[in-house]
Amino acid sequence: MSQENVESLRRAYDALNGGNAEPLIAGSHRDMEFVSILSGVEGESGIFRGHAGIRAYLANLPEVWSSWRWDVLELTALDDQRVLVVVDFHAVGVDSHVPVTAQLAVIYQFVGGLVSRAAAYANREAALEAVGLSE
């Protein structure tokens, strides 16, 4: 199951970069939880729940960024239920026009082949430490 989870996320990020959130939504439990590291920038609470939450998070991006993409650097199955994704997030501010690049890490928790929780961290080390797997 772990390789299927990795491939599901690979397809989801490819689709997100093409402007299509449906593979991510289809691969998530309807009551999933996403904890964003960018909550202060986005002006939200930072916790998005369910398919509606994913859509709300993504719908808010154009209010902050004129363009954005996630370059996947690493997709690693930590076990059968968890996948670590490390990305370079590239964006350009709507008002400032300043390009921003930040490396982020996300731990995805799967239940029954669907994402039940995703939490973003400042880097790979912080993500692994959060799940008790510090290097």
# chains A, B, ... in the order shown; residues from 1 in each chain; ligands from 1
call {"tool": "select_by_dssp", "arguments": {"residues": "chain A", "states": "strand (DSSP E)", "output": "ChimeraX atom specification"}}
result
/A:28-35,47-49,65-77,82-93,99-111,114-121
call {"tool": "residues_around", "arguments": {"residues": "stretch 119-127 of chain A", "least_positions_apart": "4", "cutoff": "10 Å", "atoms": "only C-alpha atoms", "output": "PyMOL selection string"}}
result
chain A and resi 33-38+46-47+74+84-87+102-109+131-135
call {"tool": "closest_residue", "arguments": {"among": "A:Ser28, A:Thr76, A:Ser67, A:Asn5", "to": "A:His90", "atoms": "only C-alpha atoms"}}
result
A:Ser67
call {"tool": "closest_residue", "arguments": {"among": "A:Gln3, A:Val98, A:Arg30, A:Arg11", "to": "A:Gly53", "atoms": "only C-alpha atoms"}}
result
A:Arg30
call {"tool": "closest_residue", "arguments": {"among": "A:Ile25, A:Ala59, A:Val72, A:Val64", "to": "A:Tyr13", "atoms": "only C-alpha atoms"}}
result
A:Val72
call {"tool": "residues_around", "arguments": {"residues": "A:His51", "least_positions_apart": "4", "cutoff": "12 Å", "atoms": "only C-alpha atoms", "output": "number ranges by chain"}}
result
A: 21-34, 55-58, 115-117
